[in-house]
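**Student:** Take a look at input_27.cif, mmCIF, C-alpha atoms:
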data_work
#
loop_
_atom_site.label_atom_id
_atom_site.label_comp_id
_atom_site.auth_asym_id
_atom_site.auth_seq_id
_atom_site.Cartn_x
_atom_site.Cartn_y
_atom_site.Cartn_z
CA MET A 1 -0.81 -15.22 4.09
CA ILE A 2 -3.25 -13.15 2.03
CA THR A 3 -1.57 -12.48 -1.31
CA ILE A 4 -2.61 -10.10 -4.08
CA TYR A 5 -1.30 -10.12 -7.64
CA PHE A 6 -1.66 -6.99 -9.78
CA ASP A 7 -2.01 -8.10 -13.38
CA ALA A 8 -1.08 -4.67 -14.73
CA THR A 9 0.00 -5.81 -18.21
CA ALA A 10 -2.44 -3.27 -19.73
CA GLY A 11 -1.52 -0.49 -17.28
CA ILE A 12 -2.39 0.92 -13.88
CA ALA A 13 -3.62 4.18 -12.36
CA GLY A 14 -4.65 5.00 -8.81
CA ASP A 15 -8.38 5.04 -9.59
CA MET A 16 -8.08 1.71 -11.45
CA ALA A 17 -6.47 0.12 -8.40
CA VAL A 18 -9.21 1.38 -6.06
CA ALA A 19 -11.88 0.17 -8.52
CA ALA A 20 -10.31 -3.30 -8.66
CA LEU A 21 -10.22 -3.51 -4.85
CA LEU A 22 -13.90 -2.51 -4.72
CA ASP A 23 -14.59 -5.25 -7.24
CA LEU A 24 -12.79 -7.69 -4.91
CA GLY A 25 -15.22 -6.90 -2.11
CA LEU A 26 -14.08 -3.69 -0.40
CA PRO A 27 -17.40 -2.08 0.68
CA PHE A 28 -17.94 1.31 -0.97
CA GLU A 29 -19.54 2.69 2.21
CA TYR A 30 -16.53 1.63 4.30
CA LEU A 31 -14.20 3.33 1.83
CA GLN A 32 -16.21 6.56 2.09
CA GLN A 33 -16.29 6.38 5.88
CA GLU A 34 -12.51 5.89 6.20
CA LEU A 35 -11.61 8.56 3.62
CA ALA A 36 -13.73 11.07 5.53
CA LYS A 37 -11.23 10.69 8.42
CA LEU A 38 -8.56 12.44 6.32
CA GLY A 39 -10.21 15.77 7.04
CA LEU A 40 -10.26 17.04 3.47
CA PRO A 41 -12.51 20.14 3.20
CA LYS A 42 -16.20 19.25 3.28
CA GLY A 43 -17.68 19.27 -0.19
CA SER A 44 -14.25 19.18 -1.86
CA TYR A 45 -15.01 15.83 -3.50
CA GLU A 46 -17.67 13.18 -4.04
CA LEU A 47 -17.11 9.51 -4.72
CA ALA A 48 -18.93 7.38 -7.26
CA GLU A 49 -18.61 3.91 -8.75
CA GLN A 50 -20.27 2.14 -11.64
CA PRO A 51 -20.03 -1.03 -13.75
CA VAL A 52 -18.51 -0.47 -17.21
CA MET A 53 -17.39 -2.48 -20.25
CA ARG A 54 -13.95 -2.12 -21.83
CA GLN A 55 -13.69 -4.00 -25.14
CA GLY A 56 -15.91 -6.81 -23.93
CA MET A 57 -14.46 -6.97 -20.40
CA ALA A 58 -16.78 -6.19 -17.50
CA ALA A 59 -15.11 -4.01 -14.89
CA ARG A 60 -15.80 -1.46 -12.19
CA GLN A 61 -14.94 2.22 -12.47
CA PHE A 62 -14.17 4.44 -9.48
CA MET A 63 -14.52 8.21 -9.79
CA VAL A 64 -13.64 11.20 -7.63
CA GLN A 65 -15.92 14.07 -8.62
CA LEU A 66 -14.86 17.62 -7.77
CA PRO A 67 -17.00 20.79 -7.56
CA ALA A 68 -17.09 22.64 -10.88
CA ASP A 69 -16.64 26.05 -9.25
CA GLU A 70 -13.29 25.34 -7.60
CA HIS A 71 -10.22 27.25 -8.74
CA HIS A 72 -7.86 24.64 -10.04
CA HIS A 73 -5.48 23.49 -12.70
CA HIS A 74 -6.33 20.81 -15.26
CA ASP A 75 -4.23 17.89 -16.37
CA HIS A 76 -4.24 16.21 -19.76
CA ASN A 77 -7.34 14.17 -18.86
CA GLY A 78 -9.29 17.23 -17.77
CA HIS A 79 -8.94 16.38 -14.08
CA HIS A 80 -8.82 19.22 -11.57
CA HIS A 81 -5.79 19.79 -9.38
CA HIS A 82 -4.74 22.01 -6.50
CA HIS A 83 -1.07 22.37 -5.70
CA ARG A 84 -0.08 20.70 -2.42
CA ARG A 85 3.36 20.21 -0.91
CA TYR A 86 4.44 16.71 0.07
CA ALA A 87 5.09 17.83 3.67
CA THR A 88 1.45 19.00 3.92
CA ILE A 89 0.08 15.70 2.61
CA ARG A 90 2.37 13.70 4.93
CA GLU A 91 1.12 15.66 7.94
CA MET A 92 -2.51 15.28 6.84
CA ILE A 93 -2.15 11.49 6.77
CA ALA A 94 -0.17 11.32 10.03
CA THR A 95 -2.75 13.31 12.03
CA SER A 96 -5.85 11.69 10.51
CA GLY A 97 -8.06 9.09 12.17
CA ILE A 98 -7.34 6.28 9.70
CA THR A 99 -5.83 3.04 11.02
CA ALA A 100 -2.11 2.67 11.66
CA ARG A 101 -1.77 0.14 8.83
CA VAL A 102 -3.49 2.46 6.34
CA LYS A 103 -1.25 5.33 7.45
CA GLU A 104 1.84 3.18 6.97
CA LEU A 105 0.88 2.05 3.46
CA SER A 106 -0.22 5.54 2.39
CA GLN A 107 2.99 7.13 3.68
CA ARG A 108 5.12 4.56 1.86
CA ILE A 109 3.37 5.28 -1.44
CA PHE A 110 3.53 9.07 -1.08
CA LEU A 111 7.17 8.98 -0.02
CA ARG A 112 8.15 7.02 -3.14
CA LEU A 113 6.17 9.48 -5.23
CA ALA A 114 7.84 12.48 -3.56
CA GLU A 115 11.32 10.99 -3.97
CA ALA A 116 10.70 10.41 -7.68
CA GLU A 117 9.36 13.95 -8.19
CA ALA A 118 12.30 15.40 -6.23
CA LEU A 119 14.80 13.59 -8.44
CA ALA A 120 12.98 14.44 -11.65
CA HIS A 121 12.74 18.15 -10.85
CA GLN A 122 15.86 18.57 -8.68
CA VAL A 123 14.24 19.84 -5.49
CA ALA A 124 14.30 18.67 -1.85
CA VAL A 125 11.76 15.96 -1.01
CA ASP A 126 9.87 18.11 1.51
CA GLU A 127 9.68 20.95 -1.02
CA VAL A 128 8.10 18.82 -3.74
CA THR A 129 4.90 20.44 -4.95
CA PHE A 130 2.48 17.98 -6.48
CA HIS A 131 0.52 19.15 -9.48
CA GLU A 132 -0.97 16.07 -11.16
CA VAL A 133 -1.08 14.18 -7.86
CA GLY A 134 -1.66 16.92 -5.31
CA ALA A 135 -5.41 17.38 -5.30
CA ALA A 136 -8.21 15.54 -3.56
CA ASP A 137 -8.68 12.96 -6.30
CA SER A 138 -5.14 11.59 -6.13
CA ILE A 139 -4.97 11.73 -2.31
CA VAL A 140 -8.21 9.75 -2.31
CA ASP A 141 -6.78 7.24 -4.81
CA ILE A 142 -3.60 6.55 -2.84
CA VAL A 143 -5.20 6.38 0.59
CA GLY A 144 -8.09 4.44 -0.98
CA VAL A 145 -5.68 1.75 -2.18
CA ALA A 146 -4.22 1.53 1.34
CA ILE A 147 -7.72 1.24 2.86
CA GLY A 148 -8.60 -1.55 0.43
CA LEU A 149 -5.44 -3.56 1.07
CA ASP A 150 -5.93 -3.19 4.82
CA TRP A 151 -9.61 -4.19 4.73
CA LEU A 152 -8.85 -7.23 2.58
CA GLY A 153 -6.07 -8.27 4.97
CA VAL A 154 -3.42 -8.29 2.25
CA GLU A 155 0.05 -9.16 3.54
CA GLN A 156 1.98 -9.71 0.31
CA VAL A 157 1.76 -7.80 -2.98
CA TYR A 158 3.12 -8.88 -6.37
CA THR A 159 2.92 -7.26 -9.79
CA SER A 160 3.28 -8.26 -13.41
CA ALA A 161 5.31 -6.31 -15.95
CA VAL A 162 3.73 -2.96 -16.84
CA PRO A 163 3.51 -1.22 -20.25
CA LEU A 164 5.81 1.70 -21.06
CA GLY A 165 3.30 3.45 -23.29
CA GLY A 166 4.57 6.20 -25.57
CA GLY A 167 3.99 9.59 -27.16
CA PHE A 168 3.68 12.79 -25.15
CA VAL A 169 1.55 14.09 -22.31
CA GLU A 170 0.61 17.65 -21.34
CA THR A 171 1.33 18.35 -17.65
CA ALA A 172 1.72 21.30 -15.28
CA HIS A 173 5.45 21.11 -16.12
CA GLY A 174 4.78 21.35 -19.86
CA ARG A 175 4.80 18.74 -22.61
CA LEU A 176 6.65 15.63 -21.46
CA PRO A 177 7.45 12.28 -23.07
CA VAL A 178 5.60 9.16 -21.87
CA PRO A 179 6.45 7.83 -19.37
CA ALA A 180 6.91 11.22 -17.71
CA PRO A 181 10.21 11.68 -15.78
CA ALA A 182 8.76 10.94 -12.34
CA THR A 183 6.89 7.88 -13.64
CA ALA A 184 10.04 6.60 -15.35
CA GLU A 185 11.91 7.00 -12.05
CA LEU A 186 9.24 4.97 -10.24
CA LEU A 187 9.48 2.21 -12.85
CA LYS A 188 13.06 1.47 -11.76
CA GLY A 189 13.10 -2.03 -10.31
CA LEU A 190 9.78 -2.98 -11.94
CA ALA A 191 9.50 -5.12 -15.06
CA VAL A 192 8.26 -3.25 -18.15
CA HIS A 193 7.16 -4.27 -21.65
CA GLY A 194 6.52 -2.48 -24.94
CA GLN A 195 3.60 -4.51 -26.22
CA CYS A 196 1.02 -1.72 -25.90
CA GLY A 197 0.82 1.32 -28.15
CA ASN A 198 1.11 5.03 -27.39
CA GLY A 199 -0.62 6.78 -24.53
CA GLU A 200 -0.08 7.09 -20.80
CA ARG A 201 -0.69 3.50 -19.67
CA VAL A 202 0.91 3.91 -16.22
CA THR A 203 0.24 7.09 -14.21
CA PRO A 204 2.60 8.39 -11.51
CA THR A 205 0.09 7.34 -8.86
CA GLY A 206 -0.23 3.83 -10.25
CA ALA A 207 3.54 3.47 -10.57
CA ALA A 208 4.02 4.69 -6.99
CA VAL A 209 1.63 2.06 -5.63
CA LEU A 210 3.61 -0.73 -7.31
CA ALA A 211 7.04 0.75 -6.54
CA ALA A 212 6.23 1.16 -2.85
CA LEU A 213 4.34 -2.05 -2.16
CA ALA A 214 4.81 -4.72 -4.84
CA GLN A 215 7.43 -7.29 -5.69
CA PRO A 216 7.82 -7.66 -9.49
CA LEU A 217 7.48 -11.16 -10.95
CA ARG A 218 7.97 -12.60 -14.42
CA VAL A 219 5.14 -15.06 -13.85
CA MET A 220 2.22 -15.14 -11.45
CA PRO A 221 3.11 -16.57 -8.00
CA ASP A 222 2.00 -20.08 -7.04
CA MET A 223 -1.25 -19.40 -5.23
CA ILE A 224 -4.86 -20.47 -4.86
CA VAL A 225 -6.91 -17.67 -6.44
CA GLU A 226 -10.07 -17.01 -4.44
CA ARG A 227 -11.34 -13.73 -5.91
CA ILE A 228 -10.66 -11.61 -9.00
CA GLY A 229 -11.36 -7.89 -9.37
CA HIS A 230 -11.32 -5.68 -12.46
CA GLY A 231 -10.74 -1.92 -12.35
CA ALA A 232 -11.32 0.21 -15.45
CA GLY A 233 -9.52 3.42 -16.41
CA THR A 234 -11.24 6.48 -17.86
CA LYS A 235 -9.73 6.09 -21.34
CA ASP A 236 -10.63 3.37 -23.83
CA PHE A 237 -7.55 2.35 -25.83
CA GLU A 238 -7.98 0.53 -29.14
CA ASP A 239 -5.16 -2.00 -28.76
CA CYS A 240 -6.22 -3.59 -25.44
CA PRO A 241 -8.87 -3.19 -22.71
CA ASN A 242 -7.87 -0.43 -20.29
CA VAL A 243 -8.45 -2.72 -17.30
CA LEU A 244 -6.35 -3.61 -14.26
CA ARG A 245 -6.99 -7.16 -13.08
CA VAL A 246 -6.16 -8.14 -9.49
CA MET A 247 -6.17 -11.64 -8.07
CA LEU A 248 -6.54 -12.33 -4.36
CA GLY A 249 -5.73 -15.63 -2.72
CA VAL A 250 -3.33 -17.61 -0.57
CA PRO A 251 -0.04 -19.35 -1.36
CA LEU A 252 -0.19 -23.07 -2.04
CA ALA A 253 -0.09 -25.12 1.19
CA GLY A 254 3.43 -25.31 2.52
CA ALA A 255 4.68 -22.70 0.05
CA GLU A 256 8.14 -21.44 0.88
CA GLU A 257 9.55 -17.95 0.49
CA THR A 258 12.98 -16.42 0.95
CA ILE A 259 13.31 -13.59 3.47
CA VAL A 260 16.17 -11.69 5.10
CA GLU A 261 17.10 -11.72 8.79
CA ALA A 262 19.28 -8.76 9.77
CA VAL A 263 20.95 -7.97 13.11
CA CYS A 264 23.28 -5.43 14.68
CA ASN A 265 24.78 -5.04 18.18
CA LEU A 266 24.27 -1.75 20.01
CA ASP A 267 25.78 -0.53 23.31
CA ASP A 268 25.23 3.23 23.21
CA VAL A 269 21.59 3.70 22.17
CA THR A 270 18.87 4.96 24.50
CA GLY A 271 15.62 3.09 25.05
CA GLU A 272 13.73 5.92 23.35
CA VAL A 273 15.81 5.65 20.16
CA LEU A 274 15.59 1.86 20.17
CA GLY A 275 11.80 1.88 20.52
CA TYR A 276 11.45 4.52 17.83
CA THR A 277 13.69 2.55 15.44
CA LEU A 278 11.64 -0.64 15.90
CA GLN A 279 8.45 1.32 15.21
CA ARG A 280 9.97 2.87 12.06
CA LEU A 281 11.13 -0.54 10.80
CA LEU A 282 7.60 -1.93 11.03
CA GLU A 283 6.15 1.17 9.39
CA GLN A 284 8.58 0.88 6.47
CA GLY A 285 7.83 -2.74 5.62
CA ALA A 286 9.70 -5.01 8.06
CA LEU A 287 7.85 -8.29 8.65
CA ASP A 288 8.92 -8.23 12.31
CA ALA A 289 11.42 -6.38 14.50
CA TRP A 290 12.66 -6.98 18.05
CA HIS A 291 15.57 -6.45 20.45
CA THR A 292 17.37 -8.85 22.78
CA PRO A 293 19.66 -8.07 25.77
CA ILE A 294 23.25 -9.21 25.17
CA GLN A 295 26.68 -8.81 26.78
CA MET A 296 29.28 -7.10 24.62
CA LYS A 297 33.06 -6.63 24.84
CA LYS A 298 34.51 -5.10 28.01
CA GLN A 299 31.58 -6.72 29.85
CA ARG A 300 29.25 -3.94 28.77
CA PRO A 301 25.52 -4.67 28.55
CA GLY A 302 24.12 -4.15 25.08
CA VAL A 303 21.18 -4.84 22.82
CA GLN A 304 20.93 -6.88 19.65
CA LEU A 305 18.44 -5.31 17.23
CA SER A 306 16.95 -7.78 14.74
CA PHE A 307 14.44 -7.54 11.93
CA LEU A 308 12.90 -9.73 9.22
CA CYS A 309 12.05 -8.38 5.79
CA ARG A 310 11.66 -9.31 2.15
CA GLN A 311 14.77 -9.06 0.00
CA GLU A 312 13.65 -5.96 -1.90
CA HIS A 313 13.20 -4.01 1.37
CA TYR A 314 16.54 -4.89 2.99
CA GLY A 315 18.62 -2.00 1.61
CA SER A 316 16.27 0.77 2.71
CA LEU A 317 15.67 -0.81 6.13
CA ALA A 318 19.40 -1.30 6.79
CA ARG A 319 20.00 2.36 5.93
CA LEU A 320 17.20 3.34 8.31
CA VAL A 321 18.83 1.36 11.17
CA MET A 322 22.24 2.91 10.53
CA ALA A 323 20.78 6.42 10.36
CA GLU A 324 18.70 6.08 13.53
CA THR A 325 21.15 4.15 15.75
CA GLY A 326 24.55 5.19 14.42
CA THR A 327 25.67 1.57 14.07
CA LEU A 328 28.55 1.09 11.64
CA GLY A 329 27.09 -2.02 10.02
CA VAL A 330 24.22 -4.49 9.77
CA ARG A 331 24.72 -8.26 9.35
CA HIS A 332 22.22 -10.21 7.29
CA HIS A 333 21.53 -13.63 5.81
CA LEU A 334 18.78 -15.29 3.78
CA LEU A 335 16.25 -17.64 5.37
CA GLN A 336 13.61 -19.96 3.93
CA ARG A 337 10.27 -19.97 5.69
CA THR A 338 7.22 -22.13 5.16
CA VAL A 339 3.99 -20.12 5.11
CA GLN A 340 0.68 -21.54 6.33
CA PRO A 341 -2.22 -20.57 4.05
CA ARG A 342 -4.65 -18.21 5.73
CA GLN A 343 -7.28 -15.70 4.72
CA VAL A 344 -9.28 -12.83 6.16
CA GLU A 345 -13.06 -13.08 6.21
CA GLN A 346 -15.61 -10.58 7.51
CA ARG A 347 -18.27 -12.13 9.75
CA MET A 348 -21.24 -10.74 11.65
CA SER A 349 -20.88 -10.77 15.43
CA CYS A 350 -22.53 -9.37 18.53
CA TYR A 351 -20.43 -6.24 17.89
CA GLY A 352 -21.35 -5.96 14.20
CA PRO A 353 -19.07 -6.82 11.25
CA VAL A 354 -15.65 -8.10 12.38
CA ARG A 355 -12.75 -9.44 10.31
CA PHE A 356 -11.40 -12.86 11.28
CA LYS A 357 -8.08 -14.37 10.23
CA ILE A 358 -8.76 -17.97 9.26
CA GLY A 359 -6.06 -20.63 9.11
CA MET A 360 -5.67 -24.37 9.42
CA ALA A 361 -5.98 -24.20 13.22
CA GLY A 362 -9.17 -22.13 13.31
CA CYS A 363 -10.00 -18.44 13.28
CA LYS A 364 -9.05 -15.39 15.33
CA PRO A 365 -10.55 -11.88 15.34
CA GLU A 366 -8.35 -9.18 13.83
CA TYR A 367 -6.51 -7.24 16.53
CA ASP A 368 -7.26 -3.81 14.99
CA ASP A 369 -11.00 -4.57 14.87
CA CYS A 370 -10.94 -5.72 18.51
CA CYS A 371 -9.17 -2.50 19.56
CA ARG A 372 -11.73 -0.39 17.70
CA ILE A 373 -14.63 -2.21 19.37
CA ALA A 374 -13.01 -1.96 22.81
CA ARG A 375 -12.69 1.83 22.43
CA GLU A 376 -16.19 2.29 21.01
CA GLN A 377 -17.90 0.03 23.58
CA GLU A 378 -15.61 1.12 26.45
CA VAL A 379 -14.95 -2.47 27.49
CA PRO A 380 -11.59 -4.23 28.10
CA LEU A 381 -9.84 -5.52 25.00
CA ARG A 382 -9.50 -9.04 26.43
CA GLU A 383 -13.28 -9.13 27.02
CA VAL A 384 -13.94 -8.27 23.35
CA GLN A 385 -11.50 -10.96 22.20
CA ARG A 386 -13.01 -13.57 24.57
CA ARG A 387 -16.60 -12.92 23.47
CA LEU A 388 -15.73 -13.03 19.79
CA GLN A 389 -13.79 -16.28 20.19
CA GLU A 390 -16.64 -17.88 22.16
CA GLU A 391 -19.19 -16.69 19.61
CA GLN A 392 -17.21 -18.28 16.79
CA GLY A 393 -16.94 -21.59 18.65
CA HIS A 394 -13.21 -21.07 19.37
CA GLY A 395 -12.45 -21.03 15.66
CA HIS A 396 -14.23 -24.28 14.73
#
Represent the supplied structure as structure tokens.
**Tutor:**
Amino acid sequence: MITIYFDATAGIAGDMAVAALLDLGLPFEYLQQELAKLGLPKGSYELAEQPVMRQGMAARQFMVQLPADEHHHHDHNGHHHHHRRYATIREMIATSGITARVKELSQRIFLRLAEAEALAHQVAVDEVTFHEVGAADSIVDIVGVAIGLDWLGVEQVYTSAVPLGGGFVETAHGRLPVPAPATAELLKGLAVHGQCGNGERVTPTGAAVLAALAQPLRVMPDMIVERIGHGAGTKDFEDCPNVLRVMLGVPLAGAEETIVEAVCNLDDVTGEVLGYTLQRLLEQGALDAWHTPIQMKKQRPGVQLSFLCRQEHYGSLARLVMAETGTLGVRHHLLQRTVQPRQVEQRMSCYGPVRFKIGMAGCKPEYDDCCRIAREQEVPLREVQRRLQEEQGHGH
């Protein structure tokens, strides 16, 4: 299981996270190519990256450059921002050509951000209008993080404690204390510390990434670290390097983790609703979801809906099942599972670069890459999979 640990003890922002993923190996050209599928207006942004130093630490910086002649608002860092409603951004992601996994991760991050803004400003989620996070640069940051995690094959995300920061920040809503209300809302459930000085150390975008995707830990998980990336922020604080460090690796062999198995019995749900619910569960973070035919009371045929998830996702997924199916309850219990170490590696093939999942038993081409090749080459999926397996010597 590919695991990533965000060492965000000095802070995190969306651009810092993308920079760190680039430093881990995400190809800059691939990032550009995938972001172009969002359909943002041509010429509305340009991407750049560069090596920088922050108080003696070498890091990478990722920048979204916007045309100087656009009509826009400015935030406290001088960044340019259009106003965009959450519903518009959600639709943009849903109808884009990015992969299903990238869509799922991006939607989870933006939903958490919209929920926090809605609570902070007392408006409906769909009516949330993003100021600081509505323009091309922040859309690029959030979707860029999703692209990086997908390309690297990350399956589990952890985070350290994050700094609270302090002082005040000038926003489109006026002068607000740090952390700003929406950021503070997103920090619920995350570990925080007060060991850094004043300044905005965690941006709403950075907080949303962690709130939506990461499990907070007091100490780094037991893992074999294979690669380390460093992403620099735009500011240069005096008390500590403004750098996000990310560590990519695999759990120690035979590492165990605790997960939740949840089930409910259904006898009055259509096949369409059942299929849709399973799809939604997987999109919202379930590790797996399935249904099994059963016989219920009064000899009625029914279906048992089951899903696996991590503990922090159980509450939201159980609510989703109850809302979609109308069931009056969901049963659940904790399970221990032993995870085999595995990693994702990009290799050259007869079809060009392809990602392979490598484990103790050999290697297997990534399903999404095989589907893409099958569509592009107009050949059967099973033929693509067979050729790649043969080319790699059946994983040996």
**Student:** Pull out every residue that the PyMOL selection byres ((chain A and resi 208) around 9) matches in the shown coordinates and put them as JSON, numbers by chain.
**Tutor:** {"A": [14, 108, 109, 110, 111, 112, 113, 116, 142, 183, 186, 187, 203, 204, 205, 206, 207, 209, 210, 211, 212, 213]}
**Student:** Looking at only C-alpha atoms, which of A:Thr171, A:Asn242, A:Gln385, A:Gln33 is the one that sits closest to Ala58 (chain A)?
**Tutor:** A:Asn242
**Student:** If you apply the PyMOL selection byres ((chain A and resi 232-239) around 7) to this file, what residues do you get, as number ranges by chain?
**Tutor:** A: 16, 19, 54, 59-61, 196-197, 230-231, 240-244
**Student:** On this structure, the PyMOL selection byres ((chain A and resi 177) around 12) would catch which residues? List them as a ChimeraX atom specification, sorted by chain and number.
**Tutor:** /A:164-171,173-176,178-184,198-200
**Student:** For each of A:Val330, A:Leu282, A:Val339, A:Ala13, take the minimum atom-to-atom distance to Glu257 (chain A), counting all atoms listed in the file, then give the residue where this is smallest.
**Tutor:**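 Among A:Val330, A:Leu282, A:Val339, A:Ala13, it is A:Val339 that comes nearest to Glu257 (chain A).
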**Student:** Residues at most 10 Å from Asp368 (chain A), counting all atoms listed in the file, excluding those fewer than 5 positions away in the same chain, as a count of residues only?
**Tutor:** 7
**Student:** Please report, as JSON, the centre and edge lengths in Å to one decimal of an axis-aligned box covering all listed atoms of region 40-50 of chain A with 3 Å per side.
**Tutor:**
{"center_x": -15.3, "center_y": 11.1, "center_z": -4.1, "size_x": 16.0, "size_y": 24.0, "size_z": 21.1}
**Student:** May I ask which of the residues A:Leu252, A:Pro293, A:Ala94, A:Ala10 is the closest one to Gly39 (chain A), counting all atoms listed in the file?
**Tutor:**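 That would be A:Ala94, the residue with the smallest distance to Gly39 (chain A).
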**Student:** Looking at all atoms listed in the file, which of A:Ala289, A:Leu266, A:Ala8, A:Leu26 is the one that sits closest to Ala161 (chain A)?
**Tutor:**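 Of A:Ala289, A:Leu266, A:Ala8, A:Leu26, the one nearest Ala161 (chain A) is A:Ala8, counting all atoms listed in the file.
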**Student:** Using all atoms listed in the file, which residues sit within 10 Å of Glu226 (chain A) once same-chain residues fewer than 6 positions away are excluded, as a list of chain:residue names?
**Tutor:**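 The filter keeps A:Leu24, A:Met247, A:Leu248, A:Gly249, A:Val250, A:Gln343.
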**Student:** Using only C-alpha atoms, find the one residue out of A:Val157, A:Leu334, A:Leu274, A:Ile12 that sits nearest to Leu305 (chain A).
**Tutor:** A:Leu274
**Student:** Take CA of Pro251 (chain A) and CA of Gly189 (chain A) and report the distance between them in Å, one decimal.
**Tutor:**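 Between CA of Pro251 (chain A) and CA of Gly189 (chain A) the gap works out to 23.5 Å.
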**Student:** So, with only C-alpha atoms as the atoms that count, which of A:Glu256, A:Glu46, A:Glu390, A:Asp15 lies closest to Gly148 (chain A)?
**Tutor:**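 Closest to Gly148 (chain A), using only C-alpha atoms: A:Asp15.
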**Student:** N, CA and C atoms are what I want for region 241-255 of chain A; can you complete it accordingly and write them as a compact mmCIF listing (two decimals), keeping the file's coordinate frame?
**Tutor:**
# COMPACT_ATOMS: atom_id res chain seq x y z
N PRO A 241 -7.94 -3.76 -23.71
CA PRO A 241 -8.87 -3.19 -22.71
C PRO A 241 -8.09 -2.44 -21.63
N ASN A 242 -8.54 -1.24 -21.31
CA ASN A 242 -7.87 -0.43 -20.29
C ASN A 242 -8.38 -0.87 -18.91
N VAL A 243 -7.95 -2.08 -18.52
CA VAL A 243 -8.45 -2.72 -17.30
C VAL A 243 -7.28 -3.28 -16.50
N LEU A 244 -7.29 -3.00 -15.20
CA LEU A 244 -6.35 -3.61 -14.26
C LEU A 244 -7.05 -4.80 -13.62
N ARG A 245 -6.42 -5.97 -13.70
CA ARG A 245 -6.99 -7.16 -13.08
C ARG A 245 -6.17 -7.51 -11.83
N VAL A 246 -6.85 -7.76 -10.73
CA VAL A 246 -6.16 -8.14 -9.49
C VAL A 246 -6.70 -9.47 -9.01
N MET A 247 -5.79 -10.32 -8.53
CA MET A 247 -6.17 -11.64 -8.07
C MET A 247 -5.77 -11.78 -6.60
N LEU A 248 -6.73 -12.19 -5.80
CA LEU A 248 -6.54 -12.33 -4.36
C LEU A 248 -6.61 -13.80 -3.98
N GLY A 249 -5.69 -14.24 -3.14
CA GLY A 249 -5.73 -15.63 -2.72
C GLY A 249 -4.69 -15.91 -1.67
N VAL A 250 -4.32 -17.17 -1.56
CA VAL A 250 -3.33 -17.61 -0.57
C VAL A 250 -2.29 -18.46 -1.28
N PRO A 251 -1.05 -18.48 -0.76
CA PRO A 251 -0.04 -19.35 -1.36
C PRO A 251 -0.46 -20.81 -1.26
N LEU A 252 0.06 -21.64 -2.13
CA LEU A 252 -0.19 -23.07 -2.04
C LEU A 252 0.28 -23.58 -0.68
N ALA A 253 -0.42 -24.59 -0.14
CA ALA A 253 -0.09 -25.12 1.19
C ALA A 253 1.38 -25.47 1.26
N GLY A 254 2.02 -25.00 2.34
CA GLY A 254 3.43 -25.31 2.52
C GLY A 254 4.35 -24.52 1.61
N ALA A 255 3.84 -23.48 0.96
CA ALA A 255 4.68 -22.70 0.05
C ALA A 255 5.82 -22.05 0.84
